[in-house]
>>> print(open('my_file33.tsv').read())   # TSV, C-alpha atoms
chain	number	residue	atom	x	y	z
A	130	MET	CA	16.11	15.18	20.33
A	131	SER	CA	13.66	14.62	17.50
A	132	GLN	CA	10.24	13.14	18.04
A	133	ASN	CA	11.21	10.26	15.78
A	134	ASN	CA	14.14	9.25	18.00
A	135	GLN	CA	11.99	9.49	21.13
A	136	ASP	CA	9.43	7.21	19.56
A	137	LYS	CA	12.10	4.65	18.68
A	138	LYS	CA	13.52	4.66	22.24
A	139	SER	CA	10.04	4.35	23.70
A	140	SER	CA	9.27	1.45	21.38
A	141	ALA	CA	12.53	-0.28	22.34
A	142	ARG	CA	11.76	0.09	26.06
A	143	GLU	CA	8.31	-1.38	25.54
A	144	ARG	CA	9.72	-4.36	23.67
A	145	LEU	CA	12.28	-4.93	26.43
A	146	GLN	CA	9.58	-4.74	29.10
A	147	ALA	CA	7.40	-7.16	27.17
A	148	GLN	CA	10.31	-9.60	26.82
A	149	ARG	CA	11.07	-9.40	30.55
A	150	ALA	CA	7.41	-10.00	31.33
A	151	LYS	CA	7.43	-13.13	29.16
A	152	GLU	CA	10.58	-14.42	30.85
A	153	LYS	CA	9.08	-13.90	34.32
A	154	ALA	CA	5.90	-15.70	33.28
A	155	ARG	CA	7.98	-18.59	31.94
A	156	GLU	CA	9.91	-18.80	35.21
A	157	ARG	CA	6.66	-18.85	37.20
A	158	ARG	CA	5.32	-21.72	35.10
A	159	GLY	CA	8.59	-23.59	35.60
A	160	ARG	CA	8.39	-23.18	39.36
A	161	GLN	CA	4.85	-24.52	39.40
A	162	LEU	CA	6.00	-27.72	37.73
A	163	LYS	CA	8.93	-28.30	40.09
A	164	VAL	CA	8.67	-30.30	43.25
A	165	ALA	CA	10.90	-29.45	46.18
A	166	GLY	CA	13.61	-32.06	46.49
A	167	ALA	CA	12.15	-34.29	43.75
A	168	VAL	CA	14.09	-35.33	40.69
A	169	VAL	CA	12.26	-35.81	37.43
A	170	ALA	CA	13.56	-39.19	36.25
A	171	VAL	CA	12.98	-41.37	33.23
A	172	LEU	CA	11.33	-44.76	33.60
A	173	ALA	CA	13.54	-47.09	31.57
A	174	VAL	CA	10.70	-48.91	29.88
A	175	ALA	CA	9.12	-48.70	26.45
A	176	GLY	CA	12.21	-46.97	25.10
A	177	GLY	CA	12.16	-44.42	27.93
A	178	VAL	CA	8.81	-43.33	29.33
A	179	GLY	CA	8.88	-40.06	31.24
A	180	VAL	CA	7.98	-39.78	34.90
A	181	TRP	CA	5.80	-36.93	36.06
A	182	ALA	CA	7.17	-35.27	39.19
A	183	ALA	CA	5.24	-36.03	42.35
A	184	SER	CA	3.14	-33.29	43.88
A	185	SER	CA	0.27	-33.60	46.32
A	186	SER	CA	-3.07	-32.07	45.42
A	187	GLY	CA	-3.42	-30.98	49.02
A	188	ASP	CA	-6.63	-32.96	49.52
A	189	ASP	CA	-7.02	-35.69	52.07
A	190	SER	CA	-9.82	-38.06	52.95
A	191	GLY	CA	-9.17	-37.50	56.63
A	192	GLY	CA	-9.13	-40.35	59.10
A	193	GLY	CA	-12.78	-41.34	58.67
A	194	LYS	CA	-14.28	-44.38	56.99
A	195	VAL	CA	-14.36	-44.17	53.20
A	196	ALA	CA	-16.75	-45.74	50.71
A	197	LEU	CA	-15.24	-48.81	49.06
A	198	PRO	CA	-15.73	-49.84	45.43
A	199	LYS	CA	-16.47	-53.52	44.87
A	200	GLY	CA	-13.43	-55.76	45.03
A	201	THR	CA	-11.21	-53.26	46.86
A	202	GLN	CA	-10.02	-53.13	50.46
A	203	ASP	CA	-9.68	-50.24	52.87
A	204	SER	CA	-5.97	-50.62	53.53
A	205	ASP	CA	-3.25	-48.00	53.99
A	206	LYS	CA	-2.58	-48.33	50.24
A	207	PRO	CA	-6.01	-48.51	48.56
A	208	ALA	CA	-5.85	-50.28	45.22
A	209	VAL	CA	-7.98	-51.74	42.45
A	210	PRO	CA	-6.90	-55.31	41.64
A	211	VAL	CA	-7.21	-56.65	38.09
A	212	GLY	CA	-6.57	-60.31	37.34
A	213	LYS	CA	-6.65	-63.49	39.40
A	214	LYS	CA	-5.85	-63.13	43.08
A	215	GLU	CA	-3.67	-66.25	43.03
A	216	ALA	CA	-1.58	-65.14	40.04
A	217	PRO	CA	2.12	-65.92	40.61
A	218	SER	CA	3.22	-62.32	39.90
A	219	THR	CA	1.91	-58.92	40.98
A	220	LEU	CA	2.37	-55.69	39.04
A	221	THR	CA	1.94	-52.58	41.20
A	222	VAL	CA	1.11	-49.41	39.29
A	223	TRP	CA	0.92	-45.91	40.80
A	224	GLU	CA	-0.72	-43.66	38.22
A	225	ASP	CA	-2.65	-40.45	37.52
A	226	PHE	CA	-5.21	-40.29	34.72
A	227	ARG	CA	-3.99	-36.79	33.76
A	228	CYS	CA	-0.32	-37.88	33.66
A	229	PRO	CA	1.09	-37.94	30.09
A	230	ALA	CA	3.88	-40.36	31.04
A	231	CYS	CA	1.28	-42.74	32.48
A	232	ALA	CA	-0.53	-42.71	29.13
A	233	GLN	CA	2.76	-43.48	27.36
A	234	PHE	CA	3.37	-46.45	29.64
A	235	GLU	CA	-0.18	-47.73	29.18
A	236	LYS	CA	-0.03	-47.49	25.41
A	237	GLY	CA	3.33	-49.26	25.31
A	238	PHE	CA	2.63	-52.08	27.79
A	239	ARG	CA	-1.15	-52.48	27.82
A	240	GLY	CA	-1.22	-55.42	25.41
A	241	ALA	CA	1.38	-57.36	27.35
A	242	ILE	CA	-0.30	-56.68	30.69
A	243	HIS	CA	-3.72	-57.75	29.42
A	244	GLU	CA	-2.27	-60.92	27.92
A	245	LEU	CA	-0.60	-61.89	31.18
A	246	GLU	CA	-3.70	-61.07	33.24
A	247	ASP	CA	-5.94	-63.11	30.95
A	248	ALA	CA	-3.53	-66.06	31.16
A	249	GLY	CA	-3.73	-66.00	34.97
A	250	LEU	CA	-0.02	-65.18	35.29
A	251	LEU	CA	-0.33	-61.60	36.54
A	252	ARG	CA	-2.44	-59.54	38.91
A	253	THR	CA	-2.20	-55.77	38.56
A	254	ASP	CA	-2.85	-53.50	41.54
A	255	TYR	CA	-3.71	-49.97	40.42
A	256	HIS	CA	-3.11	-47.17	42.93
A	257	LEU	CA	-4.71	-43.89	41.85
A	258	ALA	CA	-2.97	-40.56	42.48
A	259	THR	CA	-3.96	-36.92	41.89
A	260	ILE	CA	-0.59	-35.21	41.50
A	261	ILE	CA	-1.49	-33.32	38.33
A	262	ASP	CA	-4.39	-31.66	40.12
A	263	GLY	CA	-1.81	-30.44	42.60
A	264	SER	CA	0.81	-29.24	40.12
A	265	MET	CA	-1.37	-27.94	37.28
A	266	ARG	CA	-4.46	-27.18	39.37
A	267	GLY	CA	-7.89	-28.53	38.63
A	268	LYS	CA	-10.00	-31.56	39.53
A	269	GLY	CA	-9.58	-33.84	36.52
A	270	SER	CA	-7.33	-36.39	38.23
A	271	VAL	CA	-9.68	-37.03	41.14
A	272	THR	CA	-12.85	-36.82	39.04
A	273	ALA	CA	-11.55	-39.30	36.46
A	274	ALA	CA	-10.30	-41.63	39.20
A	275	ASN	CA	-13.70	-41.54	40.90
A	276	ALA	CA	-15.37	-42.38	37.57
A	277	ALA	CA	-12.98	-45.31	37.12
A	278	LEU	CA	-13.95	-46.61	40.55
A	279	CYS	CA	-17.62	-46.28	39.59
A	280	ALA	CA	-16.73	-48.46	36.60
A	281	GLN	CA	-15.13	-50.93	39.03
A	282	ASP	CA	-18.51	-51.27	40.73
A	283	ALA	CA	-19.95	-52.23	37.35
A	284	GLY	CA	-17.15	-54.72	36.65
A	285	ARG	CA	-15.72	-52.55	33.87
A	286	PHE	CA	-12.69	-50.92	35.48
A	287	ARG	CA	-10.09	-52.26	33.05
A	288	GLU	CA	-12.04	-51.27	29.96
A	289	TYR	CA	-12.86	-47.78	31.21
A	290	HIS	CA	-9.32	-47.32	32.53
A	291	ASP	CA	-8.04	-47.90	28.98
A	292	VAL	CA	-10.64	-45.56	27.45
A	293	LEU	CA	-9.56	-42.73	29.76
A	294	TYR	CA	-5.93	-43.06	28.68
A	295	GLU	CA	-6.90	-43.29	25.02
A	296	ASN	CA	-8.80	-40.00	25.39
A	297	GLN	CA	-6.46	-38.21	27.79
A	298	PRO	CA	-6.43	-34.43	27.21
A	299	PRO	CA	-3.21	-32.39	27.37
A	300	GLU	CA	-2.21	-31.90	31.01
A	301	GLN	CA	-2.82	-28.15	30.74
A	302	GLN	CA	-6.48	-28.87	29.94
A	303	ASP	CA	-8.62	-30.04	32.82
A	304	ARG	CA	-11.28	-31.66	30.67
A	305	PHE	CA	-11.55	-34.73	32.90
A	306	ALA	CA	-13.09	-32.40	35.49
A	307	ASP	CA	-16.21	-32.38	33.28
A	308	LYS	CA	-18.39	-35.19	34.62
A	309	LYS	CA	-20.60	-35.14	31.53
A	310	TYR	CA	-17.52	-35.79	29.40
A	311	LEU	CA	-16.53	-38.73	31.63
A	312	ILE	CA	-20.00	-40.22	31.25
A	313	GLU	CA	-19.79	-39.65	27.50
A	314	LEU	CA	-16.51	-41.60	27.40
A	315	ALA	CA	-18.17	-44.39	29.37
A	316	GLY	CA	-20.41	-44.91	26.36
A	317	LYS	CA	-17.38	-46.46	24.64
A	318	VAL	CA	-17.53	-49.36	27.14
A	319	ASN	CA	-20.30	-51.88	26.54
A	320	GLY	CA	-22.75	-52.11	29.41
A	321	LEU	CA	-21.16	-49.42	31.58
A	322	VAL	CA	-23.51	-46.46	31.32
A	323	SER	CA	-26.45	-46.78	33.70
A	324	ASP	CA	-28.32	-44.57	36.14
A	325	THR	CA	-26.23	-46.07	38.95
A	326	PHE	CA	-22.98	-45.24	37.15
A	327	LYS	CA	-24.13	-41.69	36.36
A	328	GLN	CA	-25.14	-41.02	39.97
A	329	CYS	CA	-21.81	-42.40	41.20
A	330	VAL	CA	-19.91	-40.05	38.90
A	331	ASP	CA	-22.10	-37.02	39.66
A	332	LYS	CA	-21.97	-37.50	43.44
A	333	GLY	CA	-18.26	-38.28	43.57
A	334	THR	CA	-19.03	-41.39	45.61
A	335	TYR	CA	-15.40	-42.55	45.81
A	336	THR	CA	-13.64	-39.18	46.04
A	337	ASP	CA	-12.42	-39.91	49.57
A	338	PHE	CA	-11.06	-43.28	48.42
A	339	VAL	CA	-9.07	-41.48	45.72
A	340	TYR	CA	-7.71	-38.90	48.18
A	341	LYS	CA	-6.68	-41.64	50.58
A	342	SER	CA	-4.86	-43.39	47.74
A	343	ASN	CA	-3.10	-40.15	46.83
A	344	THR	CA	-2.03	-39.66	50.44
A	345	ALA	CA	-0.53	-43.17	50.34
A	346	PHE	CA	1.41	-42.17	47.22
A	347	THR	CA	2.65	-38.96	48.85
A	348	ASN	CA	3.89	-40.97	51.83
A	349	SER	CA	5.37	-43.79	49.75
A	350	GLY	CA	8.63	-42.10	48.86
A	351	HIS	CA	8.12	-42.65	45.14
A	352	GLN	CA	9.33	-39.79	42.98
A	353	GLY	CA	6.56	-39.63	40.40
A	354	THR	CA	4.07	-41.38	38.16
A	355	PRO	CA	4.01	-43.84	36.68
A	356	THR	CA	5.80	-45.89	39.31
A	357	VAL	CA	5.65	-49.54	38.26
A	358	LEU	CA	6.86	-52.48	40.35
A	359	LEU	CA	6.94	-56.17	39.45
A	360	ASN	CA	6.83	-58.37	42.53
A	361	GLY	CA	8.12	-55.43	44.55
A	362	LYS	CA	11.00	-54.51	42.22
A	363	ASN	CA	10.87	-51.08	40.58
A	364	LEU	CA	10.98	-51.49	36.81
A	365	ALA	CA	12.75	-48.15	36.54
A	366	GLU	CA	15.86	-50.13	37.51
A	367	GLU	CA	15.53	-52.29	34.39
A	368	LYS	CA	17.47	-51.10	31.35
A	369	ASN	CA	15.33	-50.77	28.22
A	370	LEU	CA	12.63	-53.19	29.33
A	371	THR	CA	10.23	-54.04	26.52
A	372	PRO	CA	6.71	-55.54	26.63
A	373	ASP	CA	8.19	-58.88	25.54
A	374	GLY	CA	10.78	-58.57	28.28
A	375	LEU	CA	8.03	-58.03	30.85
A	376	LYS	CA	6.17	-61.10	29.60
A	377	GLN	CA	9.33	-63.19	29.89
A	378	LYS	CA	9.94	-62.06	33.47
A	379	VAL	CA	6.40	-62.97	34.49
A	380	ARG	CA	6.55	-66.35	32.75
A	381	ASP	CA	9.89	-67.14	34.36
A	382	ALA	CA	8.45	-66.30	37.78
A	383	ALA	CA	5.52	-68.63	37.14
A	384	LYS	CA	7.87	-71.47	36.12
A	385	ASP	CA	9.99	-70.97	39.22
A	386	LYS	CA	6.96	-71.09	41.48
A	387	LYS	CA	5.59	-74.16	39.75
A	388	ALA	CA	8.95	-75.91	39.98
A	389	GLY	CA	9.25	-75.05	43.66
A	390	GLY	CA	5.79	-76.37	44.40
A	391	ALA	CA	6.34	-79.57	42.39
A	392	SER	CA	9.63	-80.43	44.08
A	393	GLY	CA	8.06	-79.66	47.45
A	394	ALA	CA	5.24	-82.09	46.73
A	395	ALA	CA	7.77	-84.71	45.62
A	396	GLY	CA	9.71	-84.19	48.83
A	397	ALA	CA	6.59	-84.72	50.93
A	398	SER	CA	5.64	-87.88	49.08
A	399	GLY	CA	9.15	-89.32	49.02
A	400	GLY	CA	9.87	-88.54	52.64
A	401	LYS	CA	6.64	-90.10	53.86
A	402	ALA	CA	7.11	-93.30	51.90
A	403	SER	CA	10.79	-93.88	52.63
A	404	GLY	CA	10.60	-92.72	56.20
A	405	ALA	CA	7.66	-94.92	57.13
A	406	LYS	CA	9.17	-98.15	55.85
A	407	PRO	CA	12.67	-97.86	57.33
A	408	GLY	CA	11.21	-96.59	60.56
A	409	GLY	CA	8.84	-99.51	60.64
A	410	ALA	CA	11.67	-101.90	59.93
A	411	GLY	CA	13.67	-100.44	62.74
A	412	ALA	CA	10.75	-100.83	65.11
A	413	GLU	CA	10.19	-104.45	64.11
A	414	ARG	CA	13.85	-105.25	64.75
A	415	GLY	CA	13.79	-103.29	67.98
A	416	ALA	CA	16.75	-101.19	66.76
A	417	GLY	CA	15.70	-97.59	67.11
A	418	THR	CA	19.05	-96.28	65.89
A	419	VAL	CA	18.85	-98.27	62.65
A	420	GLY	CA	15.33	-97.05	62.01
A	421	ALA	CA	16.38	-93.52	62.79
A	422	SER	CA	19.34	-93.68	60.46
A	423	ALA	CA	17.34	-95.11	57.58
A	424	GLY	CA	14.47	-92.72	58.06
A	425	SER	CA	16.79	-89.78	58.35
A	426	GLY	CA	18.77	-90.69	55.28
A	427	SER	CA	15.79	-91.12	52.98
A	428	GLY	CA	13.80	-88.28	54.43
A	429	HIS	CA	16.68	-85.82	54.26
A	430	SER	CA	17.25	-86.53	50.61
A	431	ALA	CA	13.59	-85.91	49.86
A	432	GLY	CA	13.54	-82.85	52.03
A	433	ALA	CA	16.61	-81.49	50.32
A	434	SER	CA	14.95	-81.99	46.96
A	435	ALA	CA	11.89	-80.11	48.15
A	436	GLY	CA	13.86	-77.10	49.21
A	437	THR	CA	16.52	-76.90	46.54
A	438	GLY	CA	18.06	-73.44	46.48
A	439	HIS	CA	16.17	-72.25	49.55
A	440	GLY	CA	17.96	-73.92	52.45
A	441	ALA	CA	14.62	-74.75	54.09
A	442	GLY	CA	14.66	-78.31	52.80
A	443	GLN	CA	18.04	-78.93	54.41
A	444	ARG	CA	16.70	-77.84	57.77
A	445	ALA	CA	13.55	-79.91	57.34
A	446	GLY	CA	15.59	-82.96	56.42
A	447	ALA	CA	17.85	-82.51	59.40
A	448	GLY	CA	14.82	-82.81	61.62
A	449	HIS	CA	14.15	-86.36	60.44
A	450	GLY	CA	16.85	-87.95	62.56
A	451	ALA	CA	15.37	-86.62	65.77
A	452	GLY	CA	12.02	-88.35	65.44
A	453	ALA	CA	12.75	-91.21	63.12
A	454	GLY	CA	12.57	-94.14	65.51
A	455	ASP	CA	9.25	-95.20	63.99
A	456	GLY	CA	9.49	-93.32	60.71
A	457	ALA	CA	7.09	-90.59	61.83
A	458	GLY	CA	9.88	-88.05	61.99
A	459	ALA	CA	10.76	-88.66	58.36
A	460	GLY	CA	7.20	-88.07	57.25
A	461	HIS	CA	6.96	-84.91	59.32
A	462	GLY	CA	10.25	-83.58	58.02
A	463	ALA	CA	9.23	-84.15	54.43
A	464	GLY	CA	6.02	-82.29	55.10
A	465	GLN	CA	8.03	-79.32	56.28
A	466	GLY	CA	10.13	-79.52	53.14
A	467	HIS	CA	6.99	-79.44	51.00
A	468	SER	CA	5.70	-76.36	52.75
A	469	ALA	CA	9.00	-74.57	52.32
A	470	GLY	CA	9.24	-75.54	48.68
A	471	ALA	CA	5.73	-74.29	47.98
A	472	ASP	CA	6.13	-71.04	49.85
A	473	THR	CA	9.49	-70.11	48.42
A	474	GLY	CA	9.09	-71.13	44.80
A	475	GLN	CA	9.96	-67.64	43.54
A	476	PRO	CA	13.59	-66.90	42.58
A	477	GLY	CA	15.70	-66.73	45.70
A	478	GLY	CA	12.69	-67.57	47.86
A	479	SER	CA	12.16	-63.92	48.75
A	480	THR	CA	9.69	-62.48	46.24
A	481	ASP	CA	7.52	-59.94	47.99
A	482	ARG	CA	3.82	-60.59	47.47
A	483	VAL	CA	2.81	-57.30	49.01
A	484	PRO	CA	3.21	-54.23	46.73
A	485	ALA	CA	6.29	-52.37	47.90
A	486	PRO	CA	5.71	-48.89	49.32
>>> encode(input="my_file33.tsv", output="structure tokens")
Amino acid sequence: MSQNNQDKKSSARERLQAQRAKEKARERRGRQLKVAGAVVAVLAVAGGVGVWAASSSGDDSGGGKVALPKGTQDSDKPAVPVGKKEAPSTLTVWEDFRCPACAQFEKGFRGAIHELEDAGLLRTDYHLATIIDGSMRGKGSVTAANAALCAQDAGRFREYHDVLYENQPPEQQDRFADKKYLIELAGKVNGLVSDTFKQCVDKGTYTDFVYKSNTAFTNSGHQGTPTVLLNGKNLAEEKNLTPDGLKQKVRDAAKDKKAGGASGAAGASGGKASGAKPGGAGAERGAGTVGASAGSGSGHSAGASAGTGHGAGQRAGAGHGAGAGDGAGAGHGAGQGHSAGADTGQPGGSTDRVPAP
């Protein structure tokens, strides 16, 4: 065999080996991005925002006491609330500052969310996760989350939160692990950079808080980030939800609550007035049954109005007959109807105020 043929065969073998090496490397990278048993889904919002597969970073705050940023609570699901506490709707967001799909969601829905928060119609609870640190390796997720919590102490969480997503590096790059870079980005937020903020970022003051939040995410059963729930309902179940669609849902919820509270108040007022007079009349005439009947009739109608659609008003009204000899039962029953109407003003009377796990 000539030397030329040997060289060609050797060159072919080398090319084949190089190709196999590339394929094996590609397979290894693919395995690193997979999560056992998890399905990478698509969040059906903003025209289809991707969901990053869940993966724990392997860090945990342990069972000890953790430092708390201002305005947060040490619960089993640590969160940063934005907006008025008494807002009629709650948006629950599980997110990772290194997650590309989270950035897509933020850029698509940020304007709508801010508008609803500023109008007092929505409170957003942000739960911070570190899944990219676990799947891609690095510290950027936890370091950026800690910096955001330092911004929370300064009353600038929302602004800095948005700056981080606007300057998110590719997930393969762990630039958020650079604390100097995070402080540099903080310069884009008026009034944020201070010695206190810098020390908080450098020391990792809220690292344990972030790890505890990530543990809550790992135990939540959610498949990936972003996971977004409105009043406990996962928005991934909504088909092609748009920012305008989200605003409409929140406004409708506010109207339903207001209507429930108003009819409850009317029921209380109507029941007290009508129940007192017939009851009194019955007492004056010495006919307890007449007073009871009149008080029950008026009070039940008011109670039913207070609890329309909930069933609670019917039960409250039914209670009028039992104590309506002097009209007091009617007033009491209407009061119950008001309470039920106010508490169950959301559609179906079952809206969950607590962020769903």
>>> residues_around(input="my_file33.tsv", residues="segment 220-225 of chain A", least_positions_apart="2", cutoff="6 Å", atoms="all atoms listed in the file", output="PyMOL selection string")
chain A and resi 227-228+253-259+354-359+484
>>> residues_around(input="my_file33.tsv", residues="segment 301-313 of chain A", least_positions_apart="2", cutoff="10 Å", atoms="all atoms listed in the file", output="MDAnalysis selection string")
chainID A and resid 226:227 261:262 265:274 276:277 289 292:293 296:299 315:318 321:323 326:327 330:333
>>> closest_residue(input="my_file33.tsv", among="A:Lys194, A:Arg149, A:Arg287, A:Lys378", to="Val211 of chain A", atoms="all atoms listed in the file")
A:Arg287
>>> atom_distance(input="my_file33.tsv", atom1="atom CA of Asp282 of chain A", atom2="atom CA of Ala248 of chain A")
23.1 Å
>>> closest_residue(input="my_file33.tsv", among="A:Asn360, A:Lys199, A:Thr325, A:Gly320", to="Val379 of chain A", atoms="all atoms listed in the file")
A:Asn360
>>> atom_distance(input="my_file33.tsv", atom1="atom CA of Thr219 of chain A", atom2="atom CA of Leu250 of chain A")
8.7 Å
>>> closest_residue(input="my_file33.tsv", among="A:Asp385, A:Asn275, A:Gly200, A:Ile242", to="Lys341 of chain A", atoms="only C-alpha atoms")
A:Asn275
>>> atom_distance(input="my_file33.tsv", atom1="atom CA of Leu197 of chain A", atom2="atom CA of Phe338 of chain A")
7.0 Å
>>> build_atoms(input="my_file33.tsv", residues="segment 228-248 of chain A", atoms="N, CA, C and O atoms", output="PDB file, keeping the file's coordinate frame")
ATOM      1  N   CYS A 228      -1.777 -37.815  33.836  1.00  0.00           N
ATOM      2  CA  CYS A 228      -0.320 -37.880  33.660  1.00  0.00           C
ATOM      3  C   CYS A 228       0.039 -38.357  32.261  1.00  0.00           C
ATOM      4  O   CYS A 228      -0.277 -39.497  31.882  1.00  0.00           O
ATOM      5  N   PRO A 229       0.709 -37.533  31.446  1.00  0.00           N
ATOM      6  CA  PRO A 229       1.090 -37.940  30.090  1.00  0.00           C
ATOM      7  C   PRO A 229       2.017 -39.145  30.059  1.00  0.00           C
ATOM      8  O   PRO A 229       1.899 -40.006  29.181  1.00  0.00           O
ATOM      9  N   ALA A 230       2.957 -39.224  30.999  1.00  0.00           N
ATOM     10  CA  ALA A 230       3.880 -40.360  31.040  1.00  0.00           C
ATOM     11  C   ALA A 230       3.146 -41.657  31.351  1.00  0.00           C
ATOM     12  O   ALA A 230       3.524 -42.730  30.874  1.00  0.00           O
ATOM     13  N   CYS A 231       2.090 -41.561  32.171  1.00  0.00           N
ATOM     14  CA  CYS A 231       1.280 -42.740  32.480  1.00  0.00           C
ATOM     15  C   CYS A 231       0.603 -43.253  31.203  1.00  0.00           C
ATOM     16  O   CYS A 231       0.525 -44.458  30.957  1.00  0.00           O
ATOM     17  N   ALA A 232       0.106 -42.325  30.393  1.00  0.00           N
ATOM     18  CA  ALA A 232      -0.530 -42.710  29.130  1.00  0.00           C
ATOM     19  C   ALA A 232       0.478 -43.378  28.207  1.00  0.00           C
ATOM     20  O   ALA A 232       0.162 -44.365  27.526  1.00  0.00           O
ATOM     21  N   GLN A 233       1.723 -42.870  28.176  1.00  0.00           N
ATOM     22  CA  GLN A 233       2.760 -43.480  27.360  1.00  0.00           C
ATOM     23  C   GLN A 233       3.030 -44.917  27.808  1.00  0.00           C
ATOM     24  O   GLN A 233       3.167 -45.827  26.986  1.00  0.00           O
ATOM     25  N   PHE A 234       3.130 -45.107  29.117  1.00  0.00           N
ATOM     26  CA  PHE A 234       3.370 -46.450  29.640  1.00  0.00           C
ATOM     27  C   PHE A 234       2.210 -47.378  29.275  1.00  0.00           C
ATOM     28  O   PHE A 234       2.423 -48.511  28.820  1.00  0.00           O
ATOM     29  N   GLU A 235       0.994 -46.908  29.471  1.00  0.00           N
ATOM     30  CA  GLU A 235      -0.180 -47.730  29.180  1.00  0.00           C
ATOM     31  C   GLU A 235      -0.218 -48.135  27.708  1.00  0.00           C
ATOM     32  O   GLU A 235      -0.482 -49.293  27.381  1.00  0.00           O
ATOM     33  N   LYS A 236       0.031 -47.195  26.836  1.00  0.00           N
ATOM     34  CA  LYS A 236      -0.030 -47.490  25.410  1.00  0.00           C
ATOM     35  C   LYS A 236       1.078 -48.449  24.985  1.00  0.00           C
ATOM     36  O   LYS A 236       0.895 -49.254  24.071  1.00  0.00           O
ATOM     37  N   GLY A 237       2.221 -48.379  25.667  1.00  0.00           N
ATOM     38  CA  GLY A 237       3.330 -49.260  25.310  1.00  0.00           C
ATOM     39  C   GLY A 237       3.191 -50.666  25.866  1.00  0.00           C
ATOM     40  O   GLY A 237       3.575 -51.636  25.214  1.00  0.00           O
ATOM     41  N   PHE A 238       2.626 -50.797  27.084  1.00  0.00           N
ATOM     42  CA  PHE A 238       2.630 -52.080  27.790  1.00  0.00           C
ATOM     43  C   PHE A 238       1.254 -52.700  27.975  1.00  0.00           C
ATOM     44  O   PHE A 238       1.140 -53.799  28.498  1.00  0.00           O
ATOM     45  N   ARG A 239       0.211 -51.998  27.560  1.00  0.00           N
ATOM     46  CA  ARG A 239      -1.150 -52.480  27.820  1.00  0.00           C
ATOM     47  C   ARG A 239      -1.391 -53.877  27.264  1.00  0.00           C
ATOM     48  O   ARG A 239      -1.941 -54.749  27.952  1.00  0.00           O
ATOM     49  N   GLY A 240      -0.990 -54.109  26.026  1.00  0.00           N
ATOM     50  CA  GLY A 240      -1.220 -55.420  25.410  1.00  0.00           C
ATOM     51  C   GLY A 240      -0.573 -56.547  26.182  1.00  0.00           C
ATOM     52  O   GLY A 240      -1.182 -57.602  26.405  1.00  0.00           O
ATOM     53  N   ALA A 241       0.658 -56.338  26.600  1.00  0.00           N
ATOM     54  CA  ALA A 241       1.380 -57.360  27.350  1.00  0.00           C
ATOM     55  C   ALA A 241       0.725 -57.609  28.702  1.00  0.00           C
ATOM     56  O   ALA A 241       0.563 -58.762  29.133  1.00  0.00           O
ATOM     57  N   ILE A 242       0.331 -56.543  29.371  1.00  0.00           N
ATOM     58  CA  ILE A 242      -0.300 -56.680  30.690  1.00  0.00           C
ATOM     59  C   ILE A 242      -1.620 -57.423  30.582  1.00  0.00           C
ATOM     60  O   ILE A 242      -1.908 -58.338  31.361  1.00  0.00           O
ATOM     61  N   HIS A 243      -2.440 -57.063  29.607  1.00  0.00           N
ATOM     62  CA  HIS A 243      -3.720 -57.750  29.420  1.00  0.00           C
ATOM     63  C   HIS A 243      -3.518 -59.234  29.115  1.00  0.00           C
ATOM     64  O   HIS A 243      -4.236 -60.096  29.639  1.00  0.00           O
ATOM     65  N   GLU A 244      -2.546 -59.527  28.276  1.00  0.00           N
ATOM     66  CA  GLU A 244      -2.270 -60.920  27.920  1.00  0.00           C
ATOM     67  C   GLU A 244      -1.891 -61.741  29.142  1.00  0.00           C
ATOM     68  O   GLU A 244      -2.369 -62.871  29.336  1.00  0.00           O
ATOM     69  N   LEU A 245      -1.047 -61.176  29.981  1.00  0.00           N
ATOM     70  CA  LEU A 245      -0.600 -61.890  31.180  1.00  0.00           C
ATOM     71  C   LEU A 245      -1.729 -62.024  32.198  1.00  0.00           C
ATOM     72  O   LEU A 245      -1.852 -63.065  32.867  1.00  0.00           O
ATOM     73  N   GLU A 246      -2.545 -60.995  32.331  1.00  0.00           N
ATOM     74  CA  GLU A 246      -3.700 -61.070  33.240  1.00  0.00           C
ATOM     75  C   GLU A 246      -4.676 -62.150  32.777  1.00  0.00           C
ATOM     76  O   GLU A 246      -5.151 -62.958  33.586  1.00  0.00           O
ATOM     77  N   ASP A 247      -4.976 -62.148  31.486  1.00  0.00           N
ATOM     78  CA  ASP A 247      -5.940 -63.110  30.950  1.00  0.00           C
ATOM     79  C   ASP A 247      -5.435 -64.541  31.053  1.00  0.00           C
ATOM     80  O   ASP A 247      -6.233 -65.484  31.134  1.00  0.00           O
ATOM     81  N   ALA A 248      -4.117 -64.717  31.038  1.00  0.00           N
ATOM     82  CA  ALA A 248      -3.530 -66.060  31.160  1.00  0.00           C
ATOM     83  C   ALA A 248      -3.421 -66.514  32.608  1.00  0.00           C
ATOM     84  O   ALA A 248      -2.985 -67.639  32.880  1.00  0.00           O
TER      85      ALA A 248
END
